[in-house]
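**Student:** Below is the file target-v4.pdb, with PDB, C-alpha atoms.
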MODEL        1
ATOM      1  CA  MET A  19     278.603  56.529 137.455
ATOM      2  CA  THR A  20     280.794  57.681 140.352
ATOM      3  CA  ALA A  21     279.719  59.829 143.246
ATOM      4  CA  GLY A  22     281.882  62.393 145.026
ATOM      5  CA  ARG A  23     282.076  65.926 146.330
ATOM      6  CA  PRO A  24     282.147  68.215 143.285
ATOM      7  CA  THR A  25     284.623  71.049 142.815
ATOM      8  CA  PHE A  26     284.251  74.147 140.694
ATOM      9  CA  ARG A  27     286.373  76.706 138.902
ATOM     10  CA  PHE A  28     285.330  80.062 137.465
ATOM     11  CA  GLN A  29     287.639  81.511 134.829
ATOM     12  CA  LEU A  30     287.864  83.396 131.565
ATOM     13  CA  GLU A  31     288.225  81.002 128.637
ATOM     14  CA  ARG A  32     289.027  81.630 124.997
ATOM     15  CA  ALA A  33     287.067  79.878 122.241
ATOM     16  CA  GLY A  34     287.981  80.977 118.730
ATOM     17  CA  SER A  35     287.614  84.746 118.645
ATOM     18  CA  PHE A  36     285.510  84.763 121.809
ATOM     19  CA  GLU A  37     286.522  85.114 125.424
ATOM     20  CA  MET A  38     283.890  84.329 128.004
ATOM     21  CA  PRO A  39     283.545  83.640 131.713
ATOM     22  CA  VAL A  40     282.936  79.939 132.321
ATOM     23  CA  LEU A  41     281.995  78.104 135.495
ATOM     24  CA  ARG A  42     283.144  74.487 135.410
ATOM     25  CA  ARG A  43     282.039  71.881 137.918
ATOM     26  CA  HIS A  44     283.939  68.634 138.194
ATOM     27  CA  PRO A  45     283.192  65.392 140.013
ATOM     28  CA  ALA A  46     285.705  64.480 142.718
ATOM     29  CA  SER A  47     286.712  61.331 140.862
ATOM     30  CA  GLN A  48     287.363  60.597 137.190
ATOM     31  CA  ALA A  49     284.768  62.326 135.013
ATOM     32  CA  CYS A  50     282.682  60.507 132.426
ATOM     33  CA  ALA A  51     282.374  61.846 128.882
ATOM     34  CA  PRO A  52     280.787  63.895 127.457
ATOM     35  CA  LEU A  53     281.253  67.388 128.872
ATOM     36  CA  ILE A  54     277.867  68.953 129.625
ATOM     37  CA  VAL A  55     277.617  72.460 128.141
ATOM     38  CA  PHE A  56     274.743  74.517 129.486
ATOM     39  CA  ALA A  57     272.710  76.810 127.226
ATOM     40  CA  GLN A  58     271.010  79.298 129.509
ATOM     41  CA  PRO A  59     267.606  80.961 129.019
ATOM     42  CA  LEU A  60     267.302  84.397 127.464
ATOM     43  CA  PHE A  61     266.649  87.840 128.949
ATOM     44  CA  GLU A  62     265.303  87.957 132.519
ATOM     45  CA  GLU A  63     264.769  84.183 132.593
ATOM     46  CA  HIS A  64     268.565  83.866 132.484
ATOM     47  CA  ASN A  65     268.906  85.514 135.909
ATOM     48  CA  ARG A  66     266.058  83.589 137.447
ATOM     49  CA  ALA A  67     267.458  80.230 136.374
ATOM     50  CA  ARG A  68     270.980  80.798 137.730
ATOM     51  CA  ARG A  69     270.340  78.924 140.958
ATOM     52  CA  LEU A  70     268.910  75.979 139.006
ATOM     53  CA  PHE A  71     272.098  75.757 136.926
ATOM     54  CA  ALA A  72     274.216  75.790 140.095
ATOM     55  CA  ASP A  73     272.137  72.954 141.520
ATOM     56  CA  LEU A  74     272.189  71.119 138.189
ATOM     57  CA  GLY A  75     275.976  71.403 137.893
ATOM     58  CA  ARG A  76     276.409  69.959 141.382
ATOM     59  CA  ALA A  77     273.889  67.172 140.716
ATOM     60  CA  LEU A  78     275.577  66.245 137.420
ATOM     61  CA  ALA A  79     278.952  66.149 139.183
ATOM     62  CA  MET A  80     277.463  63.692 141.651
ATOM     63  CA  GLN A  81     276.591  61.581 138.592
ATOM     64  CA  GLY A  82     280.241  61.747 137.498
ATOM     65  CA  LEU A  83     279.701  64.368 134.798
ATOM     66  CA  THR A  84     281.675  67.586 134.306
ATOM     67  CA  SER A  85     279.679  70.646 133.257
ATOM     68  CA  ALA A  86     280.534  74.040 131.855
ATOM     69  CA  LEU A  87     278.351  77.120 132.213
ATOM     70  CA  PRO A  88     279.551  79.742 129.732
ATOM     71  CA  ASP A  89     278.207  83.274 129.943
ATOM     72  CA  LEU A  90     277.785  84.156 126.280
ATOM     73  CA  PRO A  91     278.492  87.678 124.988
ATOM     74  CA  ARG A  92     275.999  90.206 126.358
ATOM     75  CA  THR A  93     274.695  87.869 129.051
ATOM     76  CA  GLY A  94     275.524  87.195 132.696
ATOM     77  CA  ASP A  95     279.074  88.091 133.732
ATOM     78  CA  HIS A  96     280.351  88.641 130.193
ATOM     79  CA  ALA A  97     282.275  91.900 129.756
ATOM     80  CA  ASP A  98     280.252  92.852 126.658
ATOM     81  CA  PHE A  99     277.142  94.624 127.965
ATOM     82  CA  GLY A 100     275.530  95.484 124.618
ATOM     83  CA  PRO A 101     271.972  94.503 123.678
ATOM     84  CA  PHE A 102     271.509  90.733 123.516
ATOM     85  CA  ASP A 103     272.281  89.390 120.039
ATOM     86  CA  MET A 104     270.927  85.943 119.109
ATOM     87  CA  ALA A 105     273.354  85.436 116.225
ATOM     88  CA  LEU A 106     276.329  86.334 118.426
ATOM     89  CA  ALA A 107     275.088  84.051 121.205
ATOM     90  CA  ARG A 108     274.653  81.128 118.786
ATOM     91  CA  GLU A 109     278.052  81.691 117.219
ATOM     92  CA  SER A 110     279.864  81.919 120.558
ATOM     93  CA  LEU A 111     278.121  78.838 121.991
ATOM     94  CA  ALA A 112     279.101  76.821 118.910
ATOM     95  CA  ALA A 113     282.673  78.146 119.179
ATOM     96  CA  PHE A 114     282.816  77.175 122.851
ATOM     97  CA  ALA A 115     281.681  73.619 122.085
ATOM     98  CA  SER A 116     284.170  73.321 119.209
ATOM     99  CA  ALA A 117     287.015  74.446 121.465
ATOM    100  CA  GLN A 118     286.512  71.542 123.878
ATOM    101  CA  PRO A 119     288.988  68.667 123.521
ATOM    102  CA  GLY A 120     286.336  65.919 123.836
ATOM    103  CA  PRO A 121     282.671  65.263 123.032
ATOM    104  CA  VAL A 122     280.019  67.596 124.420
ATOM    105  CA  CYS A 123     276.323  67.343 125.164
ATOM    106  CA  PHE A 124     274.275  70.526 125.428
ATOM    107  CA  VAL A 125     271.736  70.852 128.214
ATOM    108  CA  SER A 126     269.475  73.814 127.551
ATOM    109  CA  LEU A 127     266.719  75.440 129.557
ATOM    110  CA  ARG A 128     263.839  77.373 127.974
ATOM    111  CA  GLY A 129     265.111  79.758 125.258
ATOM    112  CA  GLY A 130     268.597  78.283 125.524
ATOM    113  CA  ALA A 131     267.282  75.559 123.207
ATOM    114  CA  LEU A 132     267.120  78.170 120.440
ATOM    115  CA  LEU A 133     270.895  78.696 120.694
ATOM    116  CA  VAL A 134     272.084  75.090 120.402
ATOM    117  CA  PRO A 135     273.675  74.214 117.050
ATOM    118  CA  ALA A 136     271.791  71.807 114.765
ATOM    119  CA  ASP A 137     272.817  68.137 114.846
ATOM    120  CA  SER A 138     274.181  68.436 118.389
ATOM    121  CA  ARG A 139     273.695  66.017 121.248
ATOM    122  CA  HIS A 140     271.136  68.009 123.179
ATOM    123  CA  VAL A 141     268.860  67.597 126.201
ATOM    124  CA  ALA A 142     266.244  70.362 126.334
ATOM    125  CA  LEU A 143     264.601  71.226 129.659
ATOM    126  CA  ALA A 144     261.204  72.946 129.322
ATOM    127  CA  PRO A 145     262.260  74.292 125.916
ATOM    128  CA  VAL A 146     260.754  77.308 124.227
ATOM    129  CA  ILE A 147     259.550  75.918 120.912
ATOM    130  CA  ASP A 148     258.419  79.263 119.570
ATOM    131  CA  GLY A 149     260.815  82.106 120.368
ATOM    132  CA  ASP A 150     258.098  84.578 119.498
ATOM    133  CA  ARG A 151     256.448  83.655 122.817
ATOM    134  CA  LEU A 152     259.428  85.186 124.620
ATOM    135  CA  LEU A 153     258.824  88.428 122.762
ATOM    136  CA  THR A 154     255.150  88.269 123.733
ATOM    137  CA  ASP A 155     256.191  87.936 127.389
ATOM    138  CA  LEU A 156     258.564  90.898 127.186
ATOM    139  CA  ILE A 157     256.084  93.109 125.331
ATOM    140  CA  ARG A 158     253.377  92.272 127.856
ATOM    141  CA  ALA A 159     255.652  93.053 130.788
ATOM    142  CA  GLN A 160     256.642  96.368 129.205
ATOM    143  CA  SER A 161     253.025  97.172 128.413
ATOM    144  CA  VAL A 162     251.857  96.492 131.976
ATOM    145  CA  ALA A 163     254.714  98.592 133.379
ATOM    146  CA  THR A 164     253.894 101.460 131.007
ATOM    147  CA  LYS A 165     250.216 101.333 131.939
ATOM    148  CA  GLU A 166     251.129 101.336 135.640
ATOM    149  CA  ALA A 167     253.130 104.489 135.039
ATOM    150  CA  GLY A 168     250.072 106.115 133.474
ATOM    151  CA  GLY A 169     251.015 105.520 129.845
ATOM    152  CA  GLY A 170     249.080 103.849 127.084
ATOM    153  CA  GLY A 171     250.808 100.499 127.061
ATOM    154  CA  LEU A 172     252.741  98.925 124.229
ATOM    155  CA  ARG A 173     251.241  96.780 121.498
ATOM    156  CA  ARG A 174     252.993  94.177 119.409
ATOM    157  CA  SER A 175     252.313  96.330 116.361
ATOM    158  CA  ASP A 176     254.163  99.254 118.044
ATOM    159  CA  ALA A 177     257.213  97.072 118.613
ATOM    160  CA  ASP A 178     257.039  95.613 115.097
ATOM    161  CA  ALA A 179     256.945  99.138 113.643
ATOM    162  CA  GLN A 180     260.109 100.101 115.524
ATOM    163  CA  TRP A 181     261.879  96.905 114.486
ATOM    164  CA  ALA A 182     260.836  97.526 110.880
ATOM    165  CA  GLU A 183     262.797 100.802 111.112
ATOM    166  CA  GLY A 184     265.810  98.868 112.444
ATOM    167  CA  ARG A 185     265.513 100.357 115.933
ATOM    168  CA  HIS A 186     265.982  98.663 119.298
ATOM    169  CA  VAL A 187     262.875  98.297 121.452
ATOM    170  CA  HIS A 188     263.318  98.575 125.216
ATOM    171  CA  LEU A 189     261.337  95.698 126.727
ATOM    172  CA  ALA A 190     261.218  94.947 130.459
ATOM    173  CA  GLY A 191     264.764  96.162 131.026
ATOM    174  CA  TYR A 192     266.313  94.779 127.831
ATOM    175  CA  ASP A 193     267.035  96.423 124.492
ATOM    176  CA  VAL A 194     265.809  94.009 121.826
ATOM    177  CA  SER A 195     267.256  94.608 118.376
ATOM    178  CA  ALA A 196     265.400  94.103 115.121
ATOM    179  CA  ALA A 197     267.779  91.275 114.206
ATOM    180  CA  THR A 198     267.197  89.443 117.482
ATOM    181  CA  ALA A 199     263.420  89.898 117.222
ATOM    182  CA  SER A 200     263.580  88.411 113.740
ATOM    183  CA  ASP A 201     265.806  85.531 114.908
ATOM    184  CA  LEU A 202     263.402  84.723 117.726
ATOM    185  CA  SER A 203     260.576  84.365 115.235
ATOM    186  CA  ARG A 204     262.419  81.613 113.359
ATOM    187  CA  PRO A 205     262.333  77.907 114.345
ATOM    188  CA  ALA A 206     265.090  76.441 116.513
ATOM    189  CA  PRO A 207     268.110  75.242 114.487
ATOM    190  CA  GLY A 208     267.761  71.600 115.541
ATOM    191  CA  GLN A 209     265.705  69.051 117.450
ATOM    192  CA  PRO A 210     266.827  67.937 120.928
ATOM    193  CA  GLY A 211     267.561  64.242 121.436
ATOM    194  CA  LEU A 212     265.711  64.341 124.746
ATOM    195  CA  THR A 213     263.084  66.841 125.890
ATOM    196  CA  LEU A 214     261.976  66.997 129.523
ATOM    197  CA  SER A 215     259.094  69.160 130.671
ATOM    198  CA  ILE A 216     259.106  70.804 134.109
ATOM    199  CA  GLY A 217     255.965  71.231 136.206
ATOM    200  CA  ARG A 218     253.781  69.640 138.843
ATOM    201  CA  ASP A 219     252.580  66.852 136.488
ATOM    202  CA  ALA A 220     255.498  66.870 134.064
ATOM    203  CA  ASP A 221     258.592  64.782 133.270
ATOM    204  CA  LEU A 222     260.468  66.609 136.023
ATOM    205  CA  SER A 223     258.679  67.743 139.140
ATOM    206  CA  GLY A 224     259.404  71.354 140.002
ATOM    207  CA  PRO A 225     258.301  74.982 139.748
ATOM    208  CA  PRO A 226     258.786  77.215 136.683
ATOM    209  CA  VAL A 227     261.656  79.090 138.331
ATOM    210  CA  TRP A 228     262.245  81.147 135.174
ATOM    211  CA  ARG A 229     258.973  82.952 135.934
ATOM    212  CA  GLN A 230     259.613  83.562 139.616
ATOM    213  CA  ALA A 231     260.979  86.849 140.968
ATOM    214  CA  ASP A 232     262.222  84.905 144.000
ATOM    215  CA  PRO A 233     262.978  81.475 142.548
ATOM    216  CA  GLU A 234     262.188  78.512 144.756
ATOM    217  CA  ALA A 235     264.765  75.919 145.801
ATOM    218  CA  THR A 236     265.560  73.529 142.971
ATOM    219  CA  GLN A 237     267.856  70.892 144.444
ATOM    220  CA  HIS A 238     265.307  68.095 144.065
ATOM    221  CA  LEU A 239     264.459  69.167 140.512
ATOM    222  CA  ALA A 240     268.173  69.322 139.637
ATOM    223  CA  GLU A 241     268.848  65.866 141.045
ATOM    224  CA  GLU A 242     265.923  64.418 139.104
ATOM    225  CA  ALA A 243     267.097  66.128 135.908
ATOM    226  CA  ALA A 244     270.718  65.008 136.379
ATOM    227  CA  SER A 245     269.609  61.420 136.895
ATOM    228  CA  ARG A 246     267.512  61.469 133.697
ATOM    229  CA  ILE A 247     270.342  63.083 131.719
ATOM    230  CA  ALA A 248     272.923  60.557 132.985
ATOM    231  CA  LYS A 249     270.645  57.622 132.141
ATOM    232  CA  TRP A 250     269.993  58.993 128.661
ATOM    233  CA  LEU A 251     273.713  59.474 128.026
ATOM    234  CA  ALA A 252     274.451  55.962 129.252
ATOM    235  CA  GLY A 253     271.714  54.447 127.097
TER     236      GLY A 253
ATOM    237  CA  MET B  81     245.803  59.277 128.681
ATOM    238  CA  THR B  82     243.669  61.748 126.760
ATOM    239  CA  ALA B  83     243.261  65.240 128.116
ATOM    240  CA  ALA B  84     239.732  66.550 128.460
ATOM    241  CA  PRO B  85     238.794  69.257 125.952
ATOM    242  CA  GLN B  86     239.451  72.641 127.513
ATOM    243  CA  SER B  87     235.880  73.735 126.832
ATOM    244  CA  ALA B  88     234.757  70.914 129.180
ATOM    245  CA  LEU B  89     236.575  72.509 132.106
ATOM    246  CA  GLY B  90     234.167  73.558 134.814
ATOM    247  CA  LYS B  91     234.271  76.626 137.027
ATOM    248  CA  SER B  92     236.140  74.786 139.786
ATOM    249  CA  ASP B  93     238.651  73.336 137.287
ATOM    250  CA  VAL B  94     239.467  76.791 135.944
ATOM    251  CA  GLU B  95     239.800  78.199 139.459
ATOM    252  CA  ALA B  96     242.092  75.317 140.400
ATOM    253  CA  GLU B  97     244.299  76.025 137.393
ATOM    254  CA  VAL B  98     244.380  79.777 138.092
ATOM    255  CA  ARG B  99     245.286  79.003 141.711
ATOM    256  CA  ALA B 100     248.061  76.630 140.591
ATOM    257  CA  VAL B 101     249.490  79.169 138.150
ATOM    258  CA  LEU B 102     249.424  81.923 140.792
ATOM    259  CA  ARG B 103     251.188  79.600 143.206
ATOM    260  CA  ASP B 104     253.832  78.557 140.668
ATOM    261  CA  VAL B 105     254.555  81.943 139.101
ATOM    262  CA  LEU B 106     254.493  83.958 142.322
ATOM    263  CA  ALA B 107     256.182  81.202 144.369
ATOM    264  CA  LEU B 108     253.408  81.370 146.941
ATOM    265  CA  ASP B 109     253.317  78.809 149.702
ATOM    266  CA  ALA B 110     250.631  76.164 149.423
ATOM    267  CA  ASN B 111     248.544  77.533 152.307
ATOM    268  CA  THR B 112     248.409  81.064 150.882
ATOM    269  CA  ALA B 113     247.331  79.742 147.490
ATOM    270  CA  ALA B 114     244.735  77.403 148.995
ATOM    271  CA  ALA B 115     243.242  80.199 151.125
ATOM    272  CA  MET B 116     242.478  82.442 148.122
ATOM    273  CA  ASN B 117     238.800  83.102 147.504
ATOM    274  CA  ALA B 118     236.894  85.250 145.029
ATOM    275  CA  ASP B 119     237.452  88.398 147.109
ATOM    276  CA  THR B 120     241.185  87.933 147.687
ATOM    277  CA  PRO B 121     242.926  91.034 146.296
ATOM    278  CA  LEU B 122     245.786  90.448 143.858
ATOM    279  CA  PHE B 123     247.360  93.429 142.067
ATOM    280  CA  GLY B 124     248.667  95.869 144.654
ATOM    281  CA  ALA B 125     248.202  93.391 147.478
ATOM    282  CA  LEU B 126     250.774  90.786 146.489
ATOM    283  CA  PRO B 127     254.303  92.243 146.301
ATOM    284  CA  GLU B 128     255.307  89.320 144.059
ATOM    285  CA  LEU B 129     252.811  90.429 141.382
ATOM    286  CA  ASP B 130     254.854  92.937 139.375
ATOM    287  CA  SER B 131     254.678  93.652 135.650
ATOM    288  CA  MET B 132     256.963  90.736 134.750
ATOM    289  CA  ALA B 133     254.842  88.439 136.884
ATOM    290  CA  VAL B 134     251.645  89.619 135.185
ATOM    291  CA  ALA B 135     253.176  88.766 131.812
ATOM    292  CA  GLY B 136     254.353  85.388 133.089
ATOM    293  CA  LEU B 137     250.952  84.613 134.568
ATOM    294  CA  LEU B 138     249.167  85.330 131.321
ATOM    295  CA  THR B 139     251.575  83.241 129.259
ATOM    296  CA  GLU B 140     251.407  80.324 131.704
ATOM    297  CA  LEU B 141     247.605  80.450 131.656
ATOM    298  CA  GLU B 142     247.639  80.505 127.856
ATOM    299  CA  ASP B 143     249.970  77.509 127.708
ATOM    300  CA  ARG B 144     248.216  75.408 130.334
ATOM    301  CA  LEU B 145     244.632  76.116 129.238
ATOM    302  CA  ASP B 146     245.275  76.390 125.500
ATOM    303  CA  ILE B 147     243.741  79.868 125.261
ATOM    304  CA  LEU B 148     244.856  83.142 123.702
ATOM    305  CA  ILE B 149     244.625  86.446 125.539
ATOM    306  CA  ASP B 150     244.687  89.648 123.529
ATOM    307  CA  ASP B 151     246.859  92.273 125.191
ATOM    308  CA  ASP B 152     244.088  94.832 124.662
ATOM    309  CA  GLU B 153     241.999  92.799 127.118
ATOM    310  CA  VAL B 154     244.595  93.109 129.866
ATOM    311  CA  ASP B 155     243.824  95.800 132.421
ATOM    312  CA  GLY B 156     244.047  96.411 136.134
ATOM    313  CA  ASP B 157     240.460  95.258 136.776
ATOM    314  CA  MET B 158     241.295  91.758 135.580
ATOM    315  CA  PHE B 159     243.914  91.392 138.304
ATOM    316  CA  GLU B 160     241.937  93.134 141.046
ATOM    317  CA  THR B 161     240.886  89.915 142.793
ATOM    318  CA  PHE B 162     241.230  86.160 142.448
ATOM    319  CA  GLY B 163     237.551  86.116 141.473
ATOM    320  CA  SER B 164     237.941  88.692 138.681
ATOM    321  CA  LEU B 165     240.945  86.880 137.213
ATOM    322  CA  SER B 166     239.177  83.514 137.356
ATOM    323  CA  ALA B 167     236.042  84.981 135.773
ATOM    324  CA  PHE B 168     238.057  86.434 132.902
ATOM    325  CA  ILE B 169     239.882  83.150 132.295
ATOM    326  CA  ARG B 170     236.538  81.275 132.346
ATOM    327  CA  THR B 171     235.267  83.460 129.502
ATOM    328  CA  LYS B 172     238.395  82.662 127.467
ATOM    329  CA  VAL B 173     238.100  78.908 128.124
ATOM    330  CA  ALA B 174     234.438  78.946 127.115
ATOM    331  CA  ALA B 175     235.049  80.953 123.935
TER     332      ALA B 175
ENDMDL
END
Can you turn what I pasted into structure tokens?

**Tutor:**
Amino acid sequence: MTAGRPTFRFQLERAGSFEMPVLRRHPASQACAPLIVFAQPLFEEHNRARRLFADLGRALAMQGLTSALPDLPRTGDHADFGPFDMALARESLAAFASAQPGPVCFVSLRGGALLVPADSRHVALAPVIDGDRLLTDLIRAQSVATKEAGGGGLRRSDADAQWAEGRHVHLAGYDVSAATASDLSRPAPGQPGLTLSIGRDADLSGPPVWRQADPEATQHLAEEAASRIAKWLAG
Amino acid sequence: MTAAPQSALGKSDVEAEVRAVLRDVLALDANTAAAMNADTPLFGALPELDSMAVAGLLTELEDRLDILIDDDEVDGDMFETFGSLSAFIRTKVAA
């Protein structure tokens, strides 16, 4: 692998019927295949992990790998601000990968693993195995906030009842549709080729930044992850 | 390596795990986390501990200690102090 000072470019890119903002980071010298395509976490975890993806893109570039960070419809900098839609996110991520001229390898974090197409080359970082756990988190956060405001909290059964009527449920700042709630309750489409846990005694040493309101620095974690990913791709 | 059954975790083990989860989720520095004792106030005293953080704390504790916490059990008293949170988690680990 070659080392060098990475460069980056942020632009709107078209992939099939989708147009999305994409941040690409390139190594200074000739890049190695495949292109790394990031699948970002869902809901608030997406925002909290942004710094980690920046560090990861730079660290991968130092390993000679180019990466692309697409903001899928209804996430990040995408112009579509509607409620997050799992099916739309999956479809657009698959379209983005298909639009690339060469081979790709997905690197997902947390709920991003639920978006990666089946039978893909895929490294999953701290993946969410059960998407329903994300709903539990959101419902809990909403419930605590409602109780703080003097209300009666929100139970899972309350949310389920609203989804059963086809309504959106506002959870911790996000409108969650019935379709997305149902999608989250289904298993991930495929199995990653490599899974790396993140924690103090895990495969990769680092904090769970996706849970932190003020995420800690992640440069060391990113470098460790990039090294493991590069070795796996080379092996 | 085989992990010890969660029910075998002692009081100090549970407190250590609660301390570690608080440190990780709230991004506390090591000294602040280490200095927490049973009377250290949490909810209302730590600006980092908002509603999202409460949810994250509970889920992290569930994952790391292999326990399940019913949302009906969650109230302000549980998060009043480090001691009250640890005591609640001990009852779940022992159940």

**Student:** Check which residues satisfy the ChimeraX specification (/B :<8) & /A in the file shown, then give them as a list in words.

**Tutor:**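 Here the ChimeraX specification (/B :<8) & /A matches Asp155, Leu156, Arg158, Ala159, Gln160, Val162, Ala163, Arg173, Ala190, Pro225, Pro226, Val227, Arg229, Gln230, Ala231, Asp232, Pro233 and Glu234 of chain A.
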
**Student:** Expanded to explicit residues, what is the PyMOL selection byres ((chain A and resi 38) around 7) for this file, as a list in words?

**Tutor:**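 Applying the expression gives Leu30, Glu31, Arg32, Phe36, Glu37, Pro39, Val40, Pro88, Asp89, Leu90 and His96 of chain A.
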
**Student:** Restricting it to C-alpha atoms, dump the selection as an mmCIF file, in the frame of the given file.

**Tutor:**
data_model
loop_
_atom_site.group_PDB
_atom_site.id
_atom_site.type_symbol
_atom_site.label_atom_id
_atom_site.label_comp_id
_atom_site.auth_asym_id
_atom_site.auth_seq_id
_atom_site.Cartn_x
_atom_site.Cartn_y
_atom_site.Cartn_z
ATOM 1 C CA LEU A 30 287.864 83.396 131.565
ATOM 2 C CA GLU A 31 288.225 81.002 128.637
ATOM 3 C CA ARG A 32 289.027 81.630 124.997
ATOM 4 C CA PHE A 36 285.510 84.763 121.809
ATOM 5 C CA GLU A 37 286.522 85.114 125.424
ATOM 6 C CA PRO A 39 283.545 83.640 131.713
ATOM 7 C CA VAL A 40 282.936 79.939 132.321
ATOM 8 C CA PRO A 88 279.551 79.742 129.732
ATOM 9 C CA ASP A 89 278.207 83.274 129.943
ATOM 10 C CA LEU A 90 277.785 84.156 126.280
ATOM 11 C CA HIS A 96 280.351 88.641 130.193
#

**Student:** (275.9, 68.1, 137.4) in this file's frame - what residues fall within 9 Å of it? Use all atoms listed in the file and give the answer as a PyMOL selection string.

**Tutor:** chain A and resi 24+43-45+54+71-85+240-241+244

**Student:** Draw an axis-aligned box tight on the listed atoms of stretch 28-41 of chain A, then pad every side by 5 Å and write out centre and edge lengths in Å to one decimal as AutoDock Vina command-line options.

**Tutor:**
--center_x 285.5 --center_y 81.6 --center_z 128.1 --size_x 17.0 --size_y 17.0 --size_z 28.8

**Student:** Provide the atom CA of A:Asp148 to atom CA of A:Pro205 distance in Å, to one decimal place.

**Tutor:**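 About the pair atom CA of A:Asp148 and atom CA of A:Pro205: they are 6.7 Å apart.
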
**Student:** Which distance in Å separates atom CA of A:Ile157 and atom CA of A:Asp178, to one decimal?

**Tutor:**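 If I compute the distance from atom CA of A:Ile157 to atom CA of A:Asp178, I get 10.6 Å.
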
**Student:** Carefully work through the PyMOL selection byres ((chain A and resi 126) around 9) for this structure and note down the residues it includes, as a list in words.

**Tutor:**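 Applied to this file, the PyMOL selection byres ((chain A and resi 126) around 9) selects Val55, Phe56, Ala57, Gln58, Pro59, Phe124, Val125, Leu127, Arg128, Gly129, Gly130, Ala131, Leu132, Leu133, Val134, His140, Val141, Ala142, Leu143, Ala144 and Pro145 of chain A.
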
**Student:** With C-alpha atoms retained, export the selected residues as a PDB file, in the coordinates of the input.

**Tutor:**
ATOM      1  CA  VAL A  55     277.617  72.460 128.141  1.00  0.00           C
ATOM      2  CA  PHE A  56     274.743  74.517 129.486  1.00  0.00           C
ATOM      3  CA  ALA A  57     272.710  76.810 127.226  1.00  0.00           C
ATOM      4  CA  GLN A  58     271.010  79.298 129.509  1.00  0.00           C
ATOM      5  CA  PRO A  59     267.606  80.961 129.019  1.00  0.00           C
ATOM      6  CA  PHE A 124     274.275  70.526 125.428  1.00  0.00           C
ATOM      7  CA  VAL A 125     271.736  70.852 128.214  1.00  0.00           C
ATOM      8  CA  LEU A 127     266.719  75.440 129.557  1.00  0.00           C
ATOM      9  CA  ARG A 128     263.839  77.373 127.974  1.00  0.00           C
ATOM     10  CA  GLY A 129     265.111  79.758 125.258  1.00  0.00           C
ATOM     11  CA  GLY A 130     268.597  78.283 125.524  1.00  0.00           C
ATOM     12  CA  ALA A 131     267.282  75.559 123.207  1.00  0.00           C
ATOM     13  CA  LEU A 132     267.120  78.170 120.440  1.00  0.00           C
ATOM     14  CA  LEU A 133     270.895  78.696 120.694  1.00  0.00           C
ATOM     15  CA  VAL A 134     272.084  75.090 120.402  1.00  0.00           C
ATOM     16  CA  HIS A 140     271.136  68.009 123.179  1.00  0.00           C
ATOM     17  CA  VAL A 141     268.860  67.597 126.201  1.00  0.00           C
ATOM     18  CA  ALA A 142     266.244  70.362 126.334  1.00  0.00           C
ATOM     19  CA  LEU A 143     264.601  71.226 129.659  1.00  0.00           C
ATOM     20  CA  ALA A 144     261.204  72.946 129.322  1.00  0.00           C
ATOM     21  CA  PRO A 145     262.260  74.292 125.916  1.00  0.00           C
TER      22      PRO A 145
END

**Student:** Quick check, in Å to one decimal: how far apart do atom CA of B:Ala167 and atom CA of B:Glu153 lie?

**Tutor:**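 Computing the Euclidean distance for atom CA of B:Ala167 and atom CA of B:Glu153 yields 13.1 Å.
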
**Student:** So which one's closest to B:Leu122, B:Leu165, B:Ala96, B:Leu145, B:Ala110? Using all atoms listed in the file, please.

**Tutor:**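 The closest residue to B:Leu122 is B:Leu165.
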
**Student:** Between A:Leu172, A:Ala67, A:Ala107, A:Leu222, which residue has the minimum interatomic distance to A:Thr198, considering only C-alpha atoms?

**Tutor:** A:Ala107

**Student:** How would you write as a PyMOL selection string the residues that get within 12 Å of (259.0, 101.0, 117.8) in the file's frame, counting all atoms listed in the file?

**Tutor:** chain A and resi 157+172-189+193-196+199
